[in-house]
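Data block for run_18.txt (compact mmCIF, C-alpha atoms):
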# COMPACT_ATOMS: atom_id res chain seq x y z
CA MET A 221 7.46 21.80 52.77
CA ARG A 222 4.12 23.61 53.23
CA ILE A 223 3.26 23.02 49.59
CA LEU A 224 3.87 19.29 50.00
CA GLU A 225 1.68 19.20 53.13
CA THR A 226 -1.08 21.08 51.30
CA LYS A 227 -0.90 18.66 48.37
CA ILE A 228 -1.07 15.67 50.72
CA LYS A 229 -4.11 17.14 52.52
CA LEU A 230 -5.77 17.90 49.18
CA LEU A 231 -5.07 14.35 47.99
CA ALA A 232 -6.55 12.93 51.22
CA VAL A 233 -9.72 15.01 50.72
CA MET A 234 -9.97 13.89 47.09
CA ILE A 235 -9.56 10.23 48.07
CA SER A 236 -12.23 10.51 50.74
CA LEU A 237 -14.59 12.20 48.27
CA LEU A 238 -13.89 9.48 45.73
CA GLY A 239 -14.74 6.87 48.33
CA ILE A 240 -18.03 8.62 49.03
CA SER A 241 -18.92 8.84 45.34
CA LEU A 242 -18.05 5.17 44.78
CA ALA A 243 -20.19 4.13 47.71
CA SER A 244 -23.12 6.18 46.46
CA ALA A 245 -22.70 4.70 42.97
CA ALA A 246 -23.07 1.20 44.42
CA ASP A 247 -26.34 2.25 46.05
CA ARG A 248 -27.89 3.68 42.89
CA PRO A 249 -31.09 1.98 41.71
CA ALA A 250 -29.67 1.48 38.18
CA TYR A 251 -26.29 1.27 36.49
CA VAL A 252 -27.06 4.29 34.28
CA ASP A 253 -28.43 7.73 34.97
CA GLY A 254 -31.73 8.27 33.24
CA SER A 255 -32.15 11.93 34.18
CA ILE A 256 -31.30 13.13 30.65
CA PRO A 257 -31.44 11.43 27.25
CA PHE A 258 -28.16 9.69 26.49
CA VAL A 259 -27.67 11.63 23.25
CA GLU A 260 -27.59 14.83 25.31
CA ILE A 261 -24.53 13.67 27.27
CA LYS A 262 -21.89 16.06 25.93
CA ASP A 263 -18.80 14.07 26.98
CA VAL A 264 -18.52 11.48 24.19
CA ASP A 265 -16.56 9.05 26.36
CA ARG A 266 -19.21 9.21 29.06
CA GLN A 267 -21.96 8.76 26.48
CA ALA A 268 -20.14 5.76 25.00
CA GLU A 269 -19.79 4.28 28.48
CA THR A 270 -23.54 4.66 28.98
CA TRP A 271 -24.28 2.81 25.73
CA ALA A 272 -21.78 0.13 26.82
CA ILE A 273 -23.62 -0.32 30.11
CA CYS A 274 -26.86 -0.70 28.15
CA ALA A 275 -25.31 -3.31 25.85
CA ALA A 276 -24.02 -5.28 28.84
CA SER A 277 -27.33 -4.97 30.69
CA TYR A 278 -29.27 -6.13 27.64
CA ASP A 279 -26.92 -9.13 27.39
CA ILE A 280 -27.52 -10.02 31.03
CA MET A 281 -31.30 -9.60 30.69
CA SER A 282 -31.30 -11.70 27.52
CA THR A 283 -29.42 -14.49 29.28
CA ILE A 284 -31.82 -14.38 32.22
CA MET A 285 -34.85 -14.52 29.90
CA GLU A 286 -33.54 -17.17 27.49
CA PRO A 287 -34.88 -20.30 29.25
CA LYS A 288 -38.46 -19.05 29.68
CA ALA A 289 -38.89 -16.54 26.84
CA PRO A 290 -36.39 -17.25 24.03
CA ASP A 291 -38.08 -14.98 21.48
CA ARG A 292 -38.11 -12.04 23.89
CA ALA A 293 -34.52 -12.84 24.86
CA LYS A 294 -33.55 -12.57 21.17
CA GLN A 295 -35.26 -9.15 20.95
CA ILE A 296 -33.34 -7.98 24.02
CA ALA A 297 -30.08 -9.30 22.54
CA ASP A 298 -30.83 -7.32 19.36
CA LEU A 299 -31.25 -4.18 21.49
CA GLY A 300 -27.79 -4.93 22.88
CA ASN A 301 -26.39 -5.01 19.36
CA GLY A 302 -28.06 -1.67 18.67
CA ALA A 303 -26.52 -0.22 21.84
CA ARG A 304 -23.10 -1.30 20.55
CA VAL A 305 -23.72 0.54 17.28
CA ALA A 306 -24.86 3.62 19.23
CA LEU A 307 -21.67 3.39 21.28
CA GLY A 308 -19.48 3.38 18.17
CA MET A 309 -21.42 6.13 16.46
CA SER A 310 -21.42 8.33 19.56
CA LEU A 311 -17.63 8.33 19.38
CA VAL A 312 -17.44 9.45 15.73
CA ILE A 313 -20.56 11.48 15.03
CA ASN A 314 -18.98 14.83 15.97
CA ASP A 315 -16.00 14.21 13.66
CA LEU A 316 -17.95 13.21 10.56
CA GLN A 317 -17.63 15.72 7.74
CA PRO A 318 -19.65 15.71 4.51
CA ASP A 319 -16.47 15.47 2.44
CA ILE A 320 -14.70 12.80 4.52
CA SER A 321 -12.62 10.41 2.45
CA GLN A 322 -12.66 6.64 2.81
CA GLU A 323 -9.16 6.73 4.27
CA GLN A 324 -10.08 9.44 6.80
CA PHE A 325 -13.20 7.53 7.81
CA ASN A 326 -11.29 4.27 8.22
CA THR A 327 -8.86 6.03 10.56
CA LEU A 328 -11.74 7.68 12.45
CA TRP A 329 -13.67 4.39 12.76
CA GLU A 330 -10.73 2.25 13.93
CA GLU A 331 -10.96 2.89 17.68
CA PRO A 332 -14.76 3.08 17.92
CA SER A 333 -15.13 -0.26 16.14
CA LEU A 334 -12.91 -1.84 18.80
CA ALA A 335 -14.74 0.00 21.57
CA MET A 336 -18.03 -1.52 20.40
CA THR A 337 -16.73 -4.88 21.62
CA GLU A 338 -14.35 -3.95 24.42
CA LEU A 339 -16.40 -1.39 26.38
CA PRO A 340 -19.54 -3.54 26.73
CA GLN A 341 -17.37 -6.49 27.76
CA ASN A 342 -15.69 -4.38 30.46
CA GLN A 343 -19.07 -3.15 31.69
CA LEU A 344 -20.37 -6.72 31.72
CA TYR A 345 -17.48 -7.76 33.97
CA SER A 346 -18.14 -4.79 36.24
CA ILE A 347 -21.85 -5.53 36.53
CA LEU A 348 -21.22 -9.23 37.14
CA ALA A 349 -18.69 -8.32 39.83
CA ASP A 350 -21.44 -6.27 41.47
CA ALA A 351 -23.77 -9.28 41.28
CA GLU A 352 -21.11 -11.48 42.82
CA LYS A 353 -20.57 -8.96 45.61
CA LEU A 354 -24.31 -8.90 46.33
CA GLY A 355 -24.32 -12.69 46.52
CA THR A 356 -27.33 -14.97 46.70
CA GLU A 357 -29.05 -12.85 49.31
CA GLY A 358 -28.75 -9.83 47.01
CA ALA A 359 -30.09 -11.56 43.89
CA GLU A 360 -33.43 -9.78 44.08
CA ALA A 361 -31.74 -6.38 44.48
CA PHE A 362 -29.46 -7.18 41.53
CA GLY A 363 -32.44 -8.19 39.40
CA LYS A 364 -34.19 -4.92 40.22
CA LYS A 365 -31.06 -2.95 39.36
CA ILE A 366 -30.63 -4.70 35.99
CA ASN A 367 -34.32 -4.29 35.24
CA ALA A 368 -34.21 -0.57 36.11
CA THR A 369 -31.15 -0.16 33.89
CA VAL A 370 -32.82 -1.90 30.94
CA VAL A 371 -35.91 0.29 31.36
CA ILE A 372 -33.74 3.43 31.23
CA CYS A 373 -31.93 2.07 28.17
CA ILE A 374 -35.26 1.31 26.48
CA ASN A 375 -36.37 4.86 27.24
CA ASN A 376 -33.39 5.94 25.12
CA LEU A 377 -34.23 3.85 22.07
CA ARG A 378 -34.99 6.96 20.00
CA GLY A 379 -31.37 8.10 20.36
CA GLN A 380 -30.12 4.57 19.77
CA GLN A 381 -32.18 4.36 16.57
CA MET A 382 -30.82 7.72 15.40
CA TYR A 383 -27.29 6.32 15.67
CA ILE A 384 -28.29 3.07 13.96
CA ASP A 385 -29.85 5.04 11.10
CA THR A 386 -26.67 7.11 10.72
CA TRP A 387 -24.60 3.91 10.78
CA SER A 388 -26.85 2.45 8.06
CA GLN A 389 -26.45 5.57 5.94
CA LEU A 390 -22.68 5.31 6.25
CA ALA A 391 -22.85 1.67 5.17
CA GLU A 392 -25.08 2.54 2.19
CA SER A 393 -22.69 5.32 1.17
CA GLY A 394 -19.82 2.85 1.12
CA LEU A 395 -17.80 4.64 3.81
CA LEU A 396 -18.52 2.02 6.43
CA GLN A 397 -17.24 -1.28 5.13
CA MET A 398 -19.33 -4.19 6.36
CA PRO A 399 -17.38 -7.22 7.62
CA GLN A 400 -17.15 -10.11 5.16
CA ASN A 401 -18.54 -13.34 6.66
Final structure tokens representation of the file:
Amino acid sequence: MRILETKIKLLAVMISLLGISLASAADRPAYVDGSIPFVEIKDVDRQAETWAICAASYDIMSTIMEPKAPDRAKQIADLGNGARVALGMSLVINDLQPDISQEQFNTLWEEPSLAMTELPQNQLYSILADAEKLGTEGAEAFGKKINATVVICINNLRGQQMYIDTWSQLAESGLLQMPQN
């Protein structure tokens, strides 16, 4: 019985800590942490999530800019596409071997290629839910948060480009099969 009581107390403490961390996450000035370069995030899932947040934030910024600056909006949308590539590559880069076969690569690339679409979409929904929660009176705060996020993502373009270059090399080698349009 004491073990059960201890587990319940521990669970209550964990839930209260989770509530505190979620509240502090909502108060952050950006949707991503810019304290270290994204490529230095060791947890590949966390790194992929960060690239997904960038892709979603670029999409939002591009949409906001479209009416007044369509050329700049297109550039921002292209950065979003690059963030998607970085997301996919961040999930496979550690498992790439010089002698990887086409079949092995196809298996390795299967989930990341789906994640390149799904994760940014999930992050987009999450960010838009935050915007909805902030409402009209919070539009300026939301704009600042998106802008701060995009700035952090832009500060990580070197890492994004590294992943894009690796992706291009894989395509040139024939391992990465480009979709047929």
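Residue nearest Glu330 of chain A, chosen from A:Leu311, A:Met382, A:Met285, A:Leu348 and counting only C-alpha atoms: A:Leu311.
Taking atom CA of Tyr251 of chain A and atom CA of Tyr383 of chain A as endpoints, the distance between them is 21.4 Å.
The residue that comes closest to Gly300 of chain A, out of A:Val312, A:Gln267, A:Gly254, A:Leu344 and on the basis of only C-alpha atoms, is A:Leu344.
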Residues within 7 Å of (-34.9, -9.0, 23.0), file coordinates, counting all atoms listed in the file: what are they? Give the list as a PyMOL selection string.
chain A and resi 282+291-299
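Minimum distance to Val371 of chain A across A:Gly358, A:Pro249, A:Pro287, A:Pro332 (counting all atoms listed in the file) occurs at A:Pro249.
All polymer residues at most 7 Å from (-35.2, 10.3, 21.0), using all atoms listed in the file, appear as Asn376, Leu377, Arg378 and Gly379 of chain A.
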So which residues touch Ser277 of chain A within 12 Å, counting only C-alpha atoms, skipping near sequence neighbours fewer than 6 positions away, as a VMD selection string?
chain A and resid 250 to 252 270 to 271 283 to 284 296 to 297 299 to 301 303 to 304 340 to 348 351 362 to 374
Could you write out the selected residues, including C-alpha atoms, as a compact mmCIF listing (two decimals), in the frame of the given file?
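See out.txt below for the written result:
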# COMPACT_ATOMS: atom_id res chain seq x y z
CA ALA A 250 -29.67 1.48 38.18
CA TYR A 251 -26.29 1.27 36.49
CA VAL A 252 -27.06 4.29 34.28
CA THR A 270 -23.54 4.66 28.98
CA TRP A 271 -24.28 2.81 25.73
CA THR A 283 -29.42 -14.49 29.28
CA ILE A 284 -31.82 -14.38 32.22
CA ILE A 296 -33.34 -7.98 24.02
CA ALA A 297 -30.08 -9.30 22.54
CA LEU A 299 -31.25 -4.18 21.49
CA GLY A 300 -27.79 -4.93 22.88
CA ASN A 301 -26.39 -5.01 19.36
CA ALA A 303 -26.52 -0.22 21.84
CA ARG A 304 -23.10 -1.30 20.55
CA PRO A 340 -19.54 -3.54 26.73
CA GLN A 341 -17.37 -6.49 27.76
CA ASN A 342 -15.69 -4.38 30.46
CA GLN A 343 -19.07 -3.15 31.69
CA LEU A 344 -20.37 -6.72 31.72
CA TYR A 345 -17.48 -7.76 33.97
CA SER A 346 -18.14 -4.79 36.24
CA ILE A 347 -21.85 -5.53 36.53
CA LEU A 348 -21.22 -9.23 37.14
CA ALA A 351 -23.77 -9.28 41.28
CA PHE A 362 -29.46 -7.18 41.53
CA GLY A 363 -32.44 -8.19 39.40
CA LYS A 364 -34.19 -4.92 40.22
CA LYS A 365 -31.06 -2.95 39.36
CA ILE A 366 -30.63 -4.70 35.99
CA ASN A 367 -34.32 -4.29 35.24
CA ALA A 368 -34.21 -0.57 36.11
CA THR A 369 -31.15 -0.16 33.89
CA VAL A 370 -32.82 -1.90 30.94
CA VAL A 371 -35.91 0.29 31.36
CA ILE A 372 -33.74 3.43 31.23
CA CYS A 373 -31.93 2.07 28.17
CA ILE A 374 -35.26 1.31 26.48
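Nearest to Gln381 of chain A of all the residues A:Ile256, A:Ile273, A:Ile280, A:Met309 is A:Met309, based on only C-alpha atoms.
Proximity of A:Ala361, A:Leu395, A:Ile261, A:Leu339 to Leu316 of chain A, computed with all atoms listed in the file, is greatest for A:Leu395.
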Shortest contact to Arg248 of chain A, candidates A:Asp350, A:Ser388, A:Ala275, A:Asn375, atoms counted all atoms listed in the file, goes to A:Asp350
